[in-house]
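Enquirer: I'm passing along coords05.cif; it holds mmCIF, C-alpha atoms.
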data_run
loop_
_atom_site.label_atom_id
_atom_site.label_comp_id
_atom_site.auth_asym_id
_atom_site.auth_seq_id
_atom_site.Cartn_x
_atom_site.Cartn_y
_atom_site.Cartn_z
CA MET A 77 175.26 156.33 125.15
CA ARG A 78 173.49 158.04 122.27
CA THR A 79 172.49 161.63 121.80
CA THR A 80 170.21 163.31 119.29
CA ARG A 81 171.59 165.95 117.00
CA ILE A 82 169.31 168.28 115.11
CA TRP A 83 170.73 169.54 111.81
CA PRO A 84 169.52 172.77 110.16
CA ALA A 85 167.78 171.01 107.27
CA ALA A 86 166.09 168.61 109.65
CA LEU A 87 164.94 171.49 111.82
CA ALA A 88 162.99 172.94 108.94
CA LEU A 89 161.19 169.64 108.52
CA GLY A 90 160.58 169.14 112.21
CA ALA A 91 162.66 165.96 112.08
CA VAL A 92 165.58 164.75 114.19
CA ILE A 93 168.62 162.71 113.26
CA ALA A 94 170.14 160.41 115.87
CA THR A 95 173.91 160.07 115.77
CA ALA A 96 176.38 158.27 117.95
CA ALA A 97 178.18 160.47 120.46
CA PRO A 98 180.90 159.98 123.08
CA ALA A 99 179.89 159.32 126.66
CA HIS A 100 180.79 162.85 127.77
CA ALA A 101 178.40 164.54 125.31
CA TRP A 102 175.46 166.51 126.60
CA PRO A 103 172.23 164.46 126.54
CA GLY A 104 169.40 165.41 124.23
CA PRO A 105 169.33 167.25 120.91
CA TYR A 106 172.12 169.70 120.10
CA VAL A 107 173.59 171.90 117.42
CA THR A 108 177.09 173.33 117.05
CA VAL A 109 178.12 176.92 116.41
CA ALA A 110 181.53 177.66 114.87
CA LEU A 111 182.86 180.85 113.31
CA ASP A 112 184.79 178.95 110.63
CA GLY A 113 181.69 177.28 109.22
CA SER A 114 182.56 173.82 110.50
CA GLY A 115 179.44 173.69 112.68
CA ASP A 116 175.75 173.89 111.98
CA PHE A 117 175.67 177.68 112.40
CA THR A 118 178.14 180.56 112.48
CA SER A 119 176.22 182.74 114.96
CA VAL A 120 174.70 182.01 118.35
CA GLN A 121 171.47 183.84 117.50
CA ALA A 122 170.99 181.71 114.38
CA ALA A 123 171.27 178.59 116.51
CA VAL A 124 168.75 179.95 119.02
CA ASP A 125 166.37 180.86 116.20
CA ALA A 126 166.55 177.28 114.90
CA VAL A 127 165.49 175.68 118.20
CA PRO A 128 161.86 174.56 118.01
CA ALA A 129 159.55 176.85 119.95
CA GLY A 130 158.02 175.25 123.01
CA ASN A 131 160.69 172.55 123.35
CA ALA A 132 160.03 170.67 126.58
CA SER A 133 163.46 169.28 127.43
CA THR A 134 167.15 170.16 127.33
CA PHE A 135 168.43 171.49 124.01
CA THR A 136 172.14 172.26 123.86
CA ILE A 137 173.96 174.78 121.69
CA LYS A 138 177.64 173.84 121.66
CA ILE A 139 179.84 176.82 120.86
CA GLN A 140 183.34 176.40 119.46
CA PRO A 141 186.11 178.83 120.53
CA GLY A 142 185.91 182.37 119.16
CA VAL A 143 184.40 185.80 119.75
CA TYR A 144 180.76 185.93 118.63
CA ARG A 145 179.61 189.52 118.13
CA GLY A 146 176.04 190.77 118.13
CA GLN A 147 173.07 190.66 120.47
CA VAL A 148 171.58 187.32 121.48
CA ILE A 149 167.94 187.12 122.56
CA ILE A 150 166.47 183.93 124.01
CA PRO A 151 162.67 184.30 123.98
CA ALA A 152 160.22 182.94 126.51
CA THR A 153 159.03 180.44 123.88
CA LYS A 154 162.41 178.64 124.00
CA PRO A 155 162.98 177.20 127.48
CA TYR A 156 165.50 174.53 128.53
CA LEU A 157 168.32 175.91 126.41
CA VAL A 158 171.97 175.26 127.28
CA LEU A 159 174.82 177.36 125.90
CA ARG A 160 177.97 175.30 126.37
CA GLY A 161 181.41 176.65 125.54
CA GLN A 162 183.67 174.04 123.98
CA GLY A 163 186.98 175.67 124.84
CA PRO A 164 189.45 174.71 127.58
CA ASP A 165 188.20 177.54 129.83
CA PRO A 166 185.54 180.30 129.82
CA SER A 167 187.79 182.80 128.03
CA ALA A 168 187.85 180.71 124.84
CA VAL A 169 184.22 181.42 123.93
CA VAL A 170 183.04 185.04 124.14
CA ILE A 171 179.57 186.34 123.29
CA SER A 172 179.93 190.11 122.94
CA ASP A 173 178.11 193.27 121.97
CA ASP A 174 178.97 196.93 122.52
CA ARG A 175 175.91 199.13 122.96
CA ALA A 176 174.96 201.25 125.99
CA ASN A 177 171.76 202.79 127.32
CA GLY A 178 172.45 205.98 125.37
CA THR A 179 173.55 204.33 122.14
CA LEU A 180 171.06 205.27 119.43
CA LYS A 181 168.99 202.78 117.47
CA PRO A 182 168.59 203.19 113.71
CA ASP A 183 165.40 205.18 114.42
CA GLY A 184 167.33 207.70 116.52
CA THR A 185 165.99 206.65 119.93
CA PRO A 186 168.25 205.23 122.68
CA TRP A 187 168.41 201.53 123.45
CA GLY A 188 167.82 202.04 127.19
CA THR A 189 169.37 199.92 129.92
CA SER A 190 167.47 196.69 129.15
CA GLY A 191 167.93 197.17 125.42
CA SER A 192 171.69 197.49 125.84
CA ALA A 193 172.04 193.86 126.95
CA SER A 194 174.42 191.73 124.92
CA VAL A 195 172.37 188.68 125.92
CA THR A 196 168.74 188.69 127.08
CA ILE A 197 167.29 185.52 128.62
CA ASP A 198 163.51 185.16 128.82
CA GLY A 199 163.33 181.36 128.47
CA HIS A 200 163.01 179.49 131.77
CA ASP A 201 165.37 176.67 132.79
CA PHE A 202 168.21 178.19 130.82
CA SER A 203 171.83 177.38 131.61
CA ALA A 204 175.24 178.47 130.35
CA ARG A 205 178.55 176.77 131.03
CA ASN A 206 182.22 177.48 130.36
CA LEU A 207 181.96 180.72 128.38
CA THR A 208 182.08 184.53 128.63
CA PHE A 209 179.36 187.15 128.23
CA GLU A 210 180.64 190.66 127.50
CA ASN A 211 179.39 194.16 126.90
CA ALA A 212 182.39 195.80 125.23
CA PHE A 213 180.99 199.34 125.22
CA ASP A 214 183.98 201.72 125.41
CA GLU A 215 183.12 204.65 127.65
CA ALA A 216 186.28 206.59 126.80
CA ALA A 217 185.64 206.28 123.07
CA HIS A 218 182.11 207.68 123.39
CA PRO A 219 182.17 210.83 125.55
CA GLU A 220 179.00 211.95 123.75
CA ILE A 221 177.06 209.14 125.44
CA THR A 222 176.27 210.04 129.04
CA ASN A 223 173.89 207.20 129.84
CA ARG A 224 176.56 204.51 130.06
CA GLN A 225 174.68 201.58 131.52
CA ALA A 226 175.84 198.67 129.36
CA VAL A 227 174.47 195.25 130.32
CA ALA A 228 176.31 192.05 129.45
CA VAL A 229 173.45 189.74 130.51
CA LEU A 230 169.82 190.44 131.38
CA THR A 231 167.83 187.58 132.90
CA ARG A 232 164.04 187.74 133.25
CA ALA A 233 163.22 184.05 133.63
CA ASP A 234 163.10 181.49 136.42
CA ARG A 235 165.49 178.62 137.19
CA ILE A 236 168.59 179.91 135.43
CA VAL A 237 172.05 178.41 135.99
CA PHE A 238 175.45 179.87 135.14
CA ASP A 239 178.34 177.49 135.73
CA ASN A 240 181.96 178.61 135.28
CA VAL A 241 180.88 181.71 133.35
CA ARG A 242 182.47 185.16 133.09
CA PHE A 243 180.48 188.41 132.90
CA LEU A 244 182.50 191.40 131.63
CA GLY A 245 181.47 195.05 131.56
CA ASN A 246 181.58 198.33 133.44
CA GLN A 247 178.32 199.90 134.58
CA ASP A 248 175.38 197.50 135.05
CA THR A 249 177.20 194.36 133.89
CA LEU A 250 174.75 191.73 135.22
CA TYR A 251 171.04 192.51 135.41
CA VAL A 252 169.17 189.76 137.26
CA ASN A 253 165.51 190.62 136.93
CA SER A 254 162.05 189.04 136.60
CA PRO A 255 159.09 189.48 134.24
CA SER A 256 157.33 191.87 136.64
CA ALA A 257 157.69 193.24 140.15
CA ASP A 258 155.31 190.67 141.65
CA VAL A 259 156.91 187.64 139.93
CA ARG A 260 159.91 185.89 141.46
CA ALA A 261 162.75 184.55 139.36
CA ARG A 262 165.74 182.51 140.57
CA VAL A 263 169.31 182.45 139.29
CA TYR A 264 172.17 180.22 140.47
CA LEU A 265 175.76 181.17 139.66
CA ARG A 266 178.45 178.61 140.44
CA LYS A 267 182.16 179.46 140.31
CA CYS A 268 181.52 182.48 138.10
CA TYR A 269 183.43 185.74 137.60
CA VAL A 270 181.66 189.10 137.46
CA GLU A 271 183.43 192.41 136.89
CA GLY A 272 182.35 196.03 136.64
CA ASP A 273 182.23 199.31 138.50
CA VAL A 274 178.85 201.03 138.99
CA ASP A 275 175.89 198.89 140.18
CA PHE A 276 177.36 195.99 138.24
CA ILE A 277 175.15 193.34 139.88
CA PHE A 278 171.60 194.63 140.09
CA GLY A 279 167.90 193.81 139.82
CA ARG A 280 165.02 192.20 141.69
CA ALA A 281 165.68 188.50 141.03
CA THR A 282 166.72 186.02 143.68
CA ALA A 283 170.32 185.24 142.75
CA VAL A 284 172.84 183.05 144.57
CA PHE A 285 176.54 183.62 143.88
CA ASP A 286 178.19 180.40 145.04
CA ARG A 287 182.00 180.38 145.19
CA CYS A 288 182.19 183.26 142.73
CA ARG A 289 184.71 186.05 142.22
CA VAL A 290 183.31 189.58 142.16
CA HIS A 291 185.82 192.08 140.76
CA SER A 292 185.57 195.87 141.00
CA LEU A 293 187.30 197.92 138.32
CA ASP A 294 189.12 201.22 138.88
CA ARG A 295 187.15 204.24 137.63
CA GLY A 296 190.04 206.57 138.38
CA SER A 297 188.53 208.16 141.47
CA ALA A 298 190.37 208.69 144.72
CA SER A 299 187.18 208.37 146.76
CA ASN A 300 184.34 206.60 144.91
CA ASN A 301 184.97 203.80 142.44
CA GLY A 302 181.46 202.48 142.33
CA TYR A 303 178.98 200.06 143.86
CA VAL A 304 178.98 196.28 143.65
CA THR A 305 175.23 195.80 144.02
CA ALA A 306 172.02 197.71 143.35
CA ALA A 307 169.32 195.25 144.38
CA SER A 308 165.66 196.13 143.93
CA THR A 309 164.11 193.13 145.69
CA SER A 310 160.34 193.25 146.17
CA ILE A 311 159.31 193.76 149.77
CA ALA A 312 157.24 190.55 149.43
CA ASN A 313 160.37 188.51 148.61
CA PRO A 314 162.62 187.56 151.56
CA TYR A 315 165.41 186.47 149.19
CA GLY A 316 167.37 188.85 146.98
CA LEU A 317 171.11 188.56 146.33
CA LEU A 318 173.22 186.06 148.27
CA PHE A 319 177.00 185.82 147.99
CA SER A 320 178.26 182.64 149.63
CA GLN A 321 181.90 181.54 149.92
CA SER A 322 182.81 184.14 147.35
CA THR A 323 185.79 186.46 146.88
CA PHE A 324 185.56 190.21 146.36
CA THR A 325 188.61 191.61 144.57
CA GLY A 326 189.39 194.88 142.83
CA THR A 327 191.90 197.02 141.00
CA ALA A 328 190.34 200.13 142.54
CA PRO A 329 192.29 201.91 145.30
CA ASP A 330 191.76 200.75 148.87
CA GLY A 331 188.59 201.91 150.56
CA THR A 332 186.86 203.33 147.46
CA VAL A 333 184.17 200.78 146.53
CA HIS A 334 180.75 200.37 148.17
CA LEU A 335 179.14 196.98 148.65
CA GLY A 336 175.84 198.34 147.47
CA ARG A 337 173.06 200.88 147.33
CA PRO A 338 169.28 200.29 147.24
CA TRP A 339 167.71 200.75 143.80
CA HIS A 340 164.05 201.77 143.65
CA PRO A 341 163.06 201.56 139.96
CA SER A 342 160.68 204.40 139.10
CA ASN A 343 160.84 205.32 142.81
CA ASP A 344 158.95 202.15 143.71
CA PRO A 345 158.58 202.19 147.53
CA ASN A 346 158.12 198.41 147.58
CA ALA A 347 161.55 197.72 146.10
CA ILE A 348 163.41 197.01 149.33
CA ALA A 349 166.90 195.67 148.54
CA GLN A 350 167.89 192.37 150.16
CA VAL A 351 171.58 191.44 150.03
CA LEU A 352 173.49 188.98 152.20
CA ILE A 353 177.23 188.42 151.96
CA ARG A 354 178.39 185.46 154.01
CA ASP A 355 181.45 183.28 154.54
CA SER A 356 183.31 185.34 151.93
CA LYS A 357 186.64 187.11 151.56
CA LEU A 358 186.45 190.87 151.10
CA GLY A 359 189.33 192.85 149.62
CA ALA A 360 190.82 196.15 150.80
CA HIS A 361 189.25 198.03 147.87
CA LEU A 362 185.93 197.99 149.76
CA ILE A 363 184.97 200.82 152.07
CA GLY A 364 185.47 199.54 155.59
CA ALA A 365 183.35 201.41 158.12
CA ALA A 366 180.30 202.12 155.94
CA PRO A 367 180.25 200.01 152.75
CA TRP A 368 176.48 200.36 152.20
CA THR A 369 175.28 203.75 150.97
CA ASP A 370 172.15 205.66 150.00
CA PHE A 371 170.70 205.80 146.48
CA GLY A 372 169.34 209.29 145.94
CA ALA A 373 166.66 209.95 148.56
CA PHE A 374 166.49 206.26 149.55
CA SER A 375 168.46 205.35 152.67
CA TRP A 376 170.50 202.16 152.82
CA ARG A 377 169.26 201.73 156.39
CA ASP A 378 165.78 200.89 155.08
CA ALA A 379 167.19 198.08 152.93
CA ARG A 380 167.80 194.51 154.06
CA TYR A 381 171.60 194.38 154.08
CA ALA A 382 173.57 191.88 156.14
CA GLU A 383 176.87 190.02 156.47
CA TYR A 384 177.94 186.87 158.24
CA ARG A 385 181.40 185.56 159.05
CA ASN A 386 183.25 187.41 156.33
CA ARG A 387 187.00 187.86 156.41
CA GLY A 388 189.76 189.81 154.69
CA ALA A 389 190.96 193.40 154.73
CA GLY A 390 187.54 194.65 153.62
CA ALA A 391 185.63 192.90 156.41
CA VAL A 392 185.81 195.58 159.10
CA ALA A 393 183.75 195.52 162.27
CA SER A 394 181.48 198.55 162.32
CA PRO A 395 178.04 199.60 163.65
CA ASP A 396 177.14 200.40 160.02
CA ARG A 397 177.70 196.82 158.89
CA PRO A 398 174.68 194.73 160.00
CA GLN A 399 175.61 191.15 160.94
CA LEU A 400 173.40 188.05 161.16
CA ASP A 401 173.30 185.99 164.32
CA ASP A 402 174.03 182.28 164.08
CA ALA A 403 170.39 181.20 164.25
CA THR A 404 169.29 183.53 161.46
CA ALA A 405 172.29 182.65 159.31
CA ALA A 406 171.48 178.94 159.61
CA ALA A 407 168.24 179.59 157.72
CA MET A 408 169.70 181.95 155.09
CA THR A 409 171.44 179.37 152.92
CA PRO A 410 171.78 179.02 149.15
CA GLU A 411 169.28 176.16 149.29
CA ALA A 412 166.73 178.31 151.10
CA TYR A 413 167.12 181.16 148.63
CA LEU A 414 166.57 178.93 145.60
CA ALA A 415 164.02 176.36 146.79
CA GLY A 416 160.80 178.23 146.03
CA ALA A 417 157.50 176.36 145.96
CA ASP A 418 158.90 173.68 143.62
CA GLY A 419 161.93 172.75 145.75
CA TRP A 420 164.44 173.69 143.02
CA ASN A 421 168.01 172.77 143.99
CA PRO A 422 170.65 173.15 141.24
CA ILE A 423 173.54 173.37 143.71
CA ARG A 424 176.50 171.10 143.16
#
Please express what this file holds, its structure, as structure tokens.
Expert:
Amino acid sequence: MRTTRIWPAALALGAVIATAAPAHAWPGPYVTVALDGSGDFTSVQAAVDAVPAGNASTFTIKIQPGVYRGQVIIPATKPYLVLRGQGPDPSAVVISDDRANGTLKPDGTPWGTSGSASVTIDGHDFSARNLTFENAFDEAAHPEITNRQAVAVLTRADRIVFDNVRFLGNQDTLYVNSPSADVRARVYLRKCYVEGDVDFIFGRATAVFDRCRVHSLDRGSASNNGYVTAASTSIANPYGLLFSQSTFTGTAPDGTVHLGRPWHPSNDPNAIAQVLIRDSKLGAHLIGAAPWTDFGAFSWRDARYAEYRNRGAGAVASPDRPQLDDATAAAMTPEAYLAGADGWNPIR
């Protein structure tokens, strides 16, 4: 097997250099990022910047172990990118930044929630494997900042895959979104780990969490330690967030974490959250009788919340926990969520 490697000098000339590679190497052109200078680049953003705009097939950025600090932005003009951690597990490669919504830019204005993202993905058919995305914003160290939303990853593109990836943060860790309210975008997460406290999985994208671990952190409250989800699914989209065969864990005290609340960005009445948790194990940190809750004036009862065949200490039978019947559940599968008009199926 051969693979094509693009070197920095060759990139400038629009040329490619073919080199022999072992059978396990990723197909297609690639570059390597290493902090010690042994690769083609020392920063992830520099490698992204070097990828030819409009590339029409897989382009891999291999990242050697280390902590890579600074924002990474993958523009819409650079689809089909793969970020592939080269360490023995996802903790070996960390892409990290530390700004929050209220952190000020050099011009004195705040970054905002979207602007706080450590990594922003606008290029379609993106994938990341075997690495960690982190927003390291320290709430305790910055009491002067009250808007503490601090996104680790913001997605706004279609057909995105995260495989064996960790997402670390506190409030608003993972923002799965789309280019606009009337455009659908799909995200598949396989065997991933997501942690946070307030609304730490949120947005209007269709996102499937397949065999993932969702971990709630302790905010120090005896009664309310946050909300796992804050979906803002368009009323026209039957598929929002699906958690399948996943595990919900937490360091928060028992019975202090909500499964979700319905987010209506800018009070949009057509943002009707859709969340299904099925065939999953729910920990005791979750509120038992009424895990779904209101968001301001918007009632959780108007959202599309449901469960199916969950188990564990946090899976309590209650009139305030809507359950799917067998016939409906048979149609609400990961494949159905992701298929779209093009029949996309990244599941493995």
Enquirer: Tell me, in Å to one decimal, how far atom CA of Leu111 of chain A is from atom CA of Ile197 of chain A.
Expert: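 Between atom CA of Leu111 of chain A and atom CA of Ile197 of chain A the gap is 22.3 Å.
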Enquirer: Could you check which of A:Ser320, A:Thr325, A:Asn206, A:Thr185 is closest to Glu383 of chain A, using only C-alpha atoms?
Expert: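 Closest to Glu383 of chain A, using only C-alpha atoms: A:Ser320.
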Enquirer: Report as a ChimeraX atom specification the residues that result from applying the PyMOL selection byres ((chain A and resi 147-163) around 7) to the structure here.
Expert: /A:120-121,124,129-141,146,164-166,168-169,173,194-207
Enquirer: Extract, using all atoms listed in the file, all DNA, RNA and protein residues at most 9 Å from Leu414 of chain A, discarding same-chain residues fewer than 4 positions from it, and format them as a list in words.
Expert: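 Once the nearby chain positions are removed, what remains is Arg235, Arg262, Val263, Tyr264, Thr282, Ala283, Val284, Tyr315, Thr409, Pro410, Gly419, Trp420, Asn421 and Pro422 of chain A.
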Enquirer: With all atoms listed in the file as the basis for distance, which of A:Asn253, A:Thr118, A:Ser322, A:Asn223 is at the shortest distance from Phe285 of chain A?
Expert: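 Under the stated criterion, the closest residue is A:Ser322.
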Enquirer: Using all atoms listed in the file, can you tell me which of A:Cys268, A:Val107, A:Ile277, A:Val259 comes closest to Ala312 of chain A?
Expert: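 Residue with the minimum atom-to-atom distance to Ala312 of chain A: A:Val259.
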Enquirer: Taking (167.8, 200.6, 123.6) in the file's own coordinates, collect the residues within 12 Å, counting only C-alpha atoms, and hand them back as a compact mmCIF listing (two decimals) with C-alpha atoms, in the coordinates of the input.
Expert:
# COMPACT_ATOMS: atom_id res chain seq x y z
CA GLN A 147 173.07 190.66 120.47
CA ASP A 174 178.97 196.93 122.52
CA ARG A 175 175.91 199.13 122.96
CA ALA A 176 174.96 201.25 125.99
CA ASN A 177 171.76 202.79 127.32
CA GLY A 178 172.45 205.98 125.37
CA THR A 179 173.55 204.33 122.14
CA LEU A 180 171.06 205.27 119.43
CA LYS A 181 168.99 202.78 117.47
CA PRO A 182 168.59 203.19 113.71
CA ASP A 183 165.40 205.18 114.42
CA GLY A 184 167.33 207.70 116.52
CA THR A 185 165.99 206.65 119.93
CA PRO A 186 168.25 205.23 122.68
CA TRP A 187 168.41 201.53 123.45
CA GLY A 188 167.82 202.04 127.19
CA THR A 189 169.37 199.92 129.92
CA SER A 190 167.47 196.69 129.15
CA GLY A 191 167.93 197.17 125.42
CA SER A 192 171.69 197.49 125.84
CA ALA A 193 172.04 193.86 126.95
CA SER A 194 174.42 191.73 124.92
CA ASN A 223 173.89 207.20 129.84
CA ARG A 224 176.56 204.51 130.06
CA GLN A 225 174.68 201.58 131.52
CA ALA A 226 175.84 198.67 129.36
CA VAL A 227 174.47 195.25 130.32
Enquirer: Would you place a box with edges along x, y and z of the file around all atoms of segment 369-376 of chain A listed there, add 3 Å to each of its six sides, and report the centre and edge lengths in Å to one decimal, as lines of an AutoDock Vina configuration file?
Expert:
center_x = 170.9
center_y = 206.1
center_z = 149.4
size_x = 14.8
size_y = 13.8
size_z = 12.9
Enquirer: Calculated over all atoms listed in the file, which of the candidates A:Ile423, A:Ala417, A:Ala349, A:Ala379 has the smallest distance to Arg287 of chain A?
Expert: A:Ile423
Enquirer: Just the number, please: distance in Å from atom CA of Asp286 of chain A to atom CA of Arg354 of chain A, one decimal.
Expert: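 These two atoms are separated by 10.3 Å.
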Enquirer: One decimal, Å: what's the distance from atom CA of Leu293 of chain A over to atom CA of Leu244 of chain A, could you say?
Expert: 10.5 Å
